file input.cif (mmCIF, C-alpha atoms)
data_data
#
loop_
_atom_site.label_atom_id
_atom_site.label_comp_id
_atom_site.auth_asym_id
_atom_site.auth_seq_id
_atom_site.Cartn_x
_atom_site.Cartn_y
_atom_site.Cartn_z
CA MET S 1 -46.35 -40.93 -1.56
CA GLY S 2 -47.98 -39.28 -4.53
CA LEU S 3 -46.33 -38.24 -7.76
CA LEU S 4 -46.52 -34.56 -6.87
CA GLU S 5 -44.96 -35.10 -3.45
CA ARG S 6 -42.14 -37.17 -4.96
CA ALA S 7 -41.40 -34.44 -7.53
CA ALA S 8 -41.35 -31.80 -4.79
CA MET S 9 -38.91 -33.91 -2.73
CA GLU S 10 -36.58 -34.37 -5.72
CA ALA S 11 -36.70 -30.65 -6.51
CA ALA S 12 -35.85 -29.82 -2.89
CA LYS S 13 -32.90 -32.24 -2.97
CA LYS S 14 -31.58 -30.72 -6.20
CA MET S 15 -31.88 -27.22 -4.75
CA ALA S 16 -30.00 -28.28 -1.60
CA GLU S 17 -27.24 -29.88 -3.68
CA SER S 18 -26.86 -26.83 -5.90
CA GLU S 19 -26.80 -24.58 -2.83
CA GLU S 20 -23.96 -26.61 -1.34
CA SER S 21 -21.89 -26.46 -4.53
CA HIS S 22 -22.60 -22.76 -5.05
CA THR S 23 -19.75 -20.46 -4.03
CA ASP S 24 -20.48 -17.97 -1.30
CA THR S 25 -19.65 -14.87 -3.33
CA ARG S 26 -21.04 -11.84 -1.57
CA GLY S 27 -20.33 -9.36 -4.30
CA ILE S 28 -18.26 -8.36 -7.26
CA VAL S 29 -16.77 -5.02 -8.23
CA LYS S 30 -16.02 -4.89 -11.93
CA ALA S 31 -15.05 -2.37 -14.55
CA SER S 32 -17.79 -0.20 -15.96
CA LYS S 33 -19.13 -0.51 -19.50
CA VAL S 34 -17.20 2.67 -20.26
CA PHE S 35 -13.98 0.65 -20.75
CA PRO S 36 -15.07 -1.41 -23.77
CA VAL S 37 -16.84 1.55 -25.38
CA VAL S 38 -13.80 3.82 -25.08
CA SER S 39 -11.42 1.05 -26.13
CA ILE S 40 -13.40 0.22 -29.28
CA ALA S 41 -13.69 3.93 -30.10
CA SER S 42 -9.93 4.31 -29.65
CA ILE S 43 -9.18 1.34 -31.90
CA LEU S 44 -11.57 2.59 -34.57
CA LEU S 45 -10.01 6.04 -34.36
CA ALA S 46 -6.55 4.50 -34.80
CA LEU S 47 -7.68 2.50 -37.82
CA GLY S 48 -9.38 5.54 -39.31
CA MET S 49 -6.27 7.66 -38.80
CA ALA S 50 -4.10 5.00 -40.44
CA PHE S 51 -6.36 4.66 -43.48
CA LEU S 52 -6.86 8.40 -43.95
CA LYS S 53 -3.15 9.15 -43.92
CA HIS S 54 -2.13 6.06 -45.88
CA ARG S 55 -1.27 7.99 -49.06
CA GLN S 56 0.69 10.78 -47.38
CA SER S 57 2.93 8.48 -45.30
CA ASP S 58 3.42 10.84 -42.37
CA ALA S 59 5.42 8.84 -39.77
CA ALA S 60 4.26 10.93 -36.80
CA PHE S 61 0.65 10.28 -37.77
CA TYR S 62 1.28 6.52 -37.82
CA VAL S 63 2.93 6.72 -34.41
CA LEU S 64 -0.10 8.57 -33.03
CA SER S 65 -2.38 6.00 -34.64
CA GLY S 66 -0.35 3.22 -32.99
CA VAL S 67 -0.61 4.91 -29.60
CA PHE S 68 -4.41 5.05 -29.91
CA ALA S 69 -4.50 1.38 -30.93
CA VAL S 70 -2.34 0.28 -27.97
CA LEU S 71 -4.44 2.41 -25.61
CA GLY S 72 -7.63 0.82 -26.90
CA ILE S 73 -6.24 -2.71 -26.55
CA CYS S 74 -4.99 -2.03 -23.00
CA LEU S 75 -8.37 -0.59 -21.96
CA LEU S 76 -10.13 -3.59 -23.45
CA ILE S 77 -7.90 -6.04 -21.56
CA TYR S 78 -8.22 -4.09 -18.29
CA GLY S 79 -11.99 -3.80 -18.57
CA HIS S 80 -12.27 -7.52 -19.18
CA ASN S 81 -9.82 -8.82 -16.56
CA PHE S 82 -10.06 -6.43 -13.59
CA ARG S 83 -12.51 -7.29 -10.83
CA ILE S 84 -12.76 -7.50 -7.06
CA GLU S 85 -14.63 -10.41 -5.51
CA TYR S 86 -15.45 -10.30 -1.83
CA ASP S 87 -17.27 -12.42 0.68
CA ARG S 88 -16.99 -13.39 4.33
CA THR S 89 -13.79 -15.36 3.64
CA GLY S 90 -11.87 -12.44 2.14
CA ILE S 91 -11.19 -10.22 -0.85
CA THR S 92 -9.75 -11.35 -4.18
CA VAL S 93 -8.45 -8.69 -6.58
CA TYR S 94 -7.81 -9.68 -10.19
CA ASN S 95 -5.33 -7.33 -11.86
CA PHE S 96 -4.74 -6.24 -15.48
CA PHE S 97 -3.57 -9.72 -16.51
CA GLY S 98 -6.27 -11.54 -14.50
CA LYS S 99 -3.84 -12.68 -11.80
CA PRO S 100 -5.60 -12.93 -8.41
CA LYS S 101 -4.28 -11.47 -5.18
CA GLN S 102 -5.88 -12.57 -1.92
CA TYR S 103 -6.64 -10.40 1.11
CA THR S 104 -8.44 -11.36 4.29
CA LEU S 105 -10.97 -9.08 5.90
CA GLN S 106 -8.82 -8.99 9.02
CA ASP S 107 -6.04 -7.41 6.89
CA VAL S 108 -8.12 -4.26 6.30
CA GLN S 109 -6.55 -1.49 8.37
CA LYS S 110 -8.40 1.60 7.18
CA ILE S 111 -10.48 3.02 4.36
CA GLU S 112 -9.38 6.39 3.02
CA LEU S 113 -12.07 8.29 1.13
CA LYS S 114 -11.01 10.36 -1.88
CA SER S 115 -13.00 12.71 -4.09
CA ASP S 116 -13.16 10.15 -6.91
CA GLY S 117 -13.20 6.91 -4.93
CA TYR S 118 -11.48 5.31 -1.99
CA ILE S 119 -8.38 3.37 -0.99
CA VAL S 120 -8.59 0.27 1.16
CA TRP S 121 -5.34 -0.03 3.12
CA THR S 122 -4.48 -3.60 4.08
CA ALA S 123 -1.51 -5.31 5.68
CA LYS S 124 -0.52 -6.68 2.24
CA GLY S 125 -0.95 -3.48 0.24
CA LYS S 126 -3.66 -1.14 -0.94
CA ILE S 127 -6.74 -1.55 -3.11
CA ARG S 128 -7.71 1.55 -5.09
CA VAL S 129 -11.36 1.75 -6.16
CA GLU S 130 -12.65 4.44 -8.52
CA GLN S 131 -16.35 4.85 -7.83
CA GLN S 132 -17.15 6.36 -11.24
CA PHE S 133 -15.46 3.63 -13.27
CA PHE S 134 -16.38 0.50 -11.30
CA ILE S 135 -19.77 -1.18 -10.95
CA GLY S 136 -20.45 -2.31 -7.38
CA ALA S 137 -17.95 0.02 -5.69
CA ASP S 138 -20.56 1.50 -3.34
CA ALA S 139 -21.76 -1.93 -2.18
CA PHE S 140 -18.14 -2.97 -1.56
CA LEU S 141 -17.56 0.13 0.58
CA CYS S 142 -20.73 -0.55 2.60
CA TYR S 143 -19.69 -4.19 3.07
CA LEU S 144 -16.26 -3.16 4.39
CA ARG S 145 -17.74 -0.55 6.73
CA ASP S 146 -20.27 -3.05 8.08
CA TYR S 147 -17.49 -5.55 8.67
CA GLN S 148 -15.42 -2.97 10.53
CA LYS S 149 -18.42 -2.10 12.73
CA GLU S 150 -18.91 -5.80 13.55
CA GLU S 151 -15.25 -6.14 14.50
CA GLN S 152 -15.42 -3.14 16.84
CA VAL S 153 -18.32 -4.59 18.79
#
call {"tool": "encode", "arguments": {"input": "input.cif", "output": "structure tokens"}}
result
Amino acid sequence: MGLLERAAMEAAKKMAESEESHTDTRGIVKASKVFPVVSIASILLALGMAFLKHRQSDAAFYVLSGVFAVLGICLLIYGHNFRIEYDRTGITVYNFFGKPKQYTLQDVQKIELKSDGYIVWTAKGKIRVEQQFFIGADAFLCYLRDYQKEEQV
């Protein structure tokens, strides 16, 4: 066996091993890039408001500045932690704090379309997906519809 053939065999073995260890994630729905942009803008606005009104000491202005800061921090956390992972084994939804909740595809009862997104009703609860604010929402909807068609056949 030549050197080139041996290298090709080793490369094929490594690819097979990495394929076995690779998770079978079909897709991911995650928060849009709008969340970090708006959150950073909100935090900067809060800091700017606090520094501009520092000399006048208006309490209501500081409260408003604090509200903008908390809003920005919450949006930043949500945009970082929220995601939906789905594959043939089921659906995993990670919430605001990054805590996962598992659903099986058999749990999906119906999909209710809304003007701004859709709701996936399951036996364990509902999954609300905003199409404008989530990347991959359309692919997730197509995946669920294809699965439902397969189950009907």
call {"tool": "resolve_selection", "arguments": {"input": "input.cif", "expression": "the PyMOL selection byres ((chain S and resi 112) around 12)", "output": "PyMOL selection string"}}
result
chain S and resi 108-111+113-122+126-129+141+144-145
call {"tool": "atom_distance", "arguments": {"input": "input.cif", "atom1": "CA of Phe134 in chain S", "atom2": "CA of Val29 in chain S"}}
result
6.3 Å
call {"tool": "atom_distance", "arguments": {"input": "input.cif", "atom1": "CA of Val70 in chain S", "atom2": "CA of Val93 in chain S"}}
result
24.0 Å
call {"tool": "residues_around", "arguments": {"input": "input.cif", "residues": "Leu64 in chain S", "least_positions_apart": "4", "cutoff": "12 Å", "atoms": "only C-alpha atoms", "output": "ChimeraX atom specification"}}
result
/S:42-43,45-50,53,58-60,68-71
call {"tool": "write_last_selection", "arguments": {"input": "input.cif", "atoms": "C-alpha atoms", "output": "PDB file, in the frame of the given file"}}
result
ATOM      1  CA  SER S  42      -9.930   4.310 -29.650  1.00  0.00           C
ATOM      2  CA  ILE S  43      -9.180   1.340 -31.900  1.00  0.00           C
ATOM      3  CA  LEU S  45     -10.010   6.040 -34.360  1.00  0.00           C
ATOM      4  CA  ALA S  46      -6.550   4.500 -34.800  1.00  0.00           C
ATOM      5  CA  LEU S  47      -7.680   2.500 -37.820  1.00  0.00           C
ATOM      6  CA  GLY S  48      -9.380   5.540 -39.310  1.00  0.00           C
ATOM      7  CA  MET S  49      -6.270   7.660 -38.800  1.00  0.00           C
ATOM      8  CA  ALA S  50      -4.100   5.000 -40.440  1.00  0.00           C
ATOM      9  CA  LYS S  53      -3.150   9.150 -43.920  1.00  0.00           C
ATOM     10  CA  ASP S  58       3.420  10.840 -42.370  1.00  0.00           C
ATOM     11  CA  ALA S  59       5.420   8.840 -39.770  1.00  0.00           C
ATOM     12  CA  ALA S  60       4.260  10.930 -36.800  1.00  0.00           C
ATOM     13  CA  PHE S  68      -4.410   5.050 -29.910  1.00  0.00           C
ATOM     14  CA  ALA S  69      -4.500   1.380 -30.930  1.00  0.00           C
ATOM     15  CA  VAL S  70      -2.340   0.280 -27.970  1.00  0.00           C
ATOM     16  CA  LEU S  71      -4.440   2.410 -25.610  1.00  0.00           C
TER      17      LEU S  71
END
call {"tool": "resolve_selection", "arguments": {"input": "input.cif", "expression": "the PyMOL selection byres ((chain S and resi 26) around 12)", "output": "list in words"}}
result
His22, Thr23, Asp24, Thr25, Gly27, Ile28, Val29, Ile84, Glu85, Tyr86, Asp87, Arg88, Thr89, Gly90, Ile91, Thr92, Gly136, Ala139, Phe140, Tyr143 and Leu144 of chain S
call {"tool": "closest_residue", "arguments": {"input": "input.cif", "among": "S:Asn81, S:Tyr147, S:Ile135, S:Val34", "to": "Thr104 in chain S", "atoms": "all atoms listed in the file"}}
result
S:Tyr147
call {"tool": "atom_distance", "arguments": {"input": "input.cif", "atom1": "CA of Ala123 in chain S", "atom2": "CA of Ile77 in chain S"}}
result
28.0 Å
call {"tool": "closest_residue", "arguments": {"input": "input.cif", "among": "S:Ala7, S:Ala31, S:Ala41, S:Ala12", "to": "Ala137 in chain S", "atoms": "only C-alpha atoms"}}
result
S:Ala31
call {"tool": "closest_residue", "arguments": {"input": "input.cif", "among": "S:His80, S:Gln131, S:Gly72, S:Gly125", "to": "Gln102 in chain S", "atoms": "all atoms listed in the file"}}
result
S:Gly125
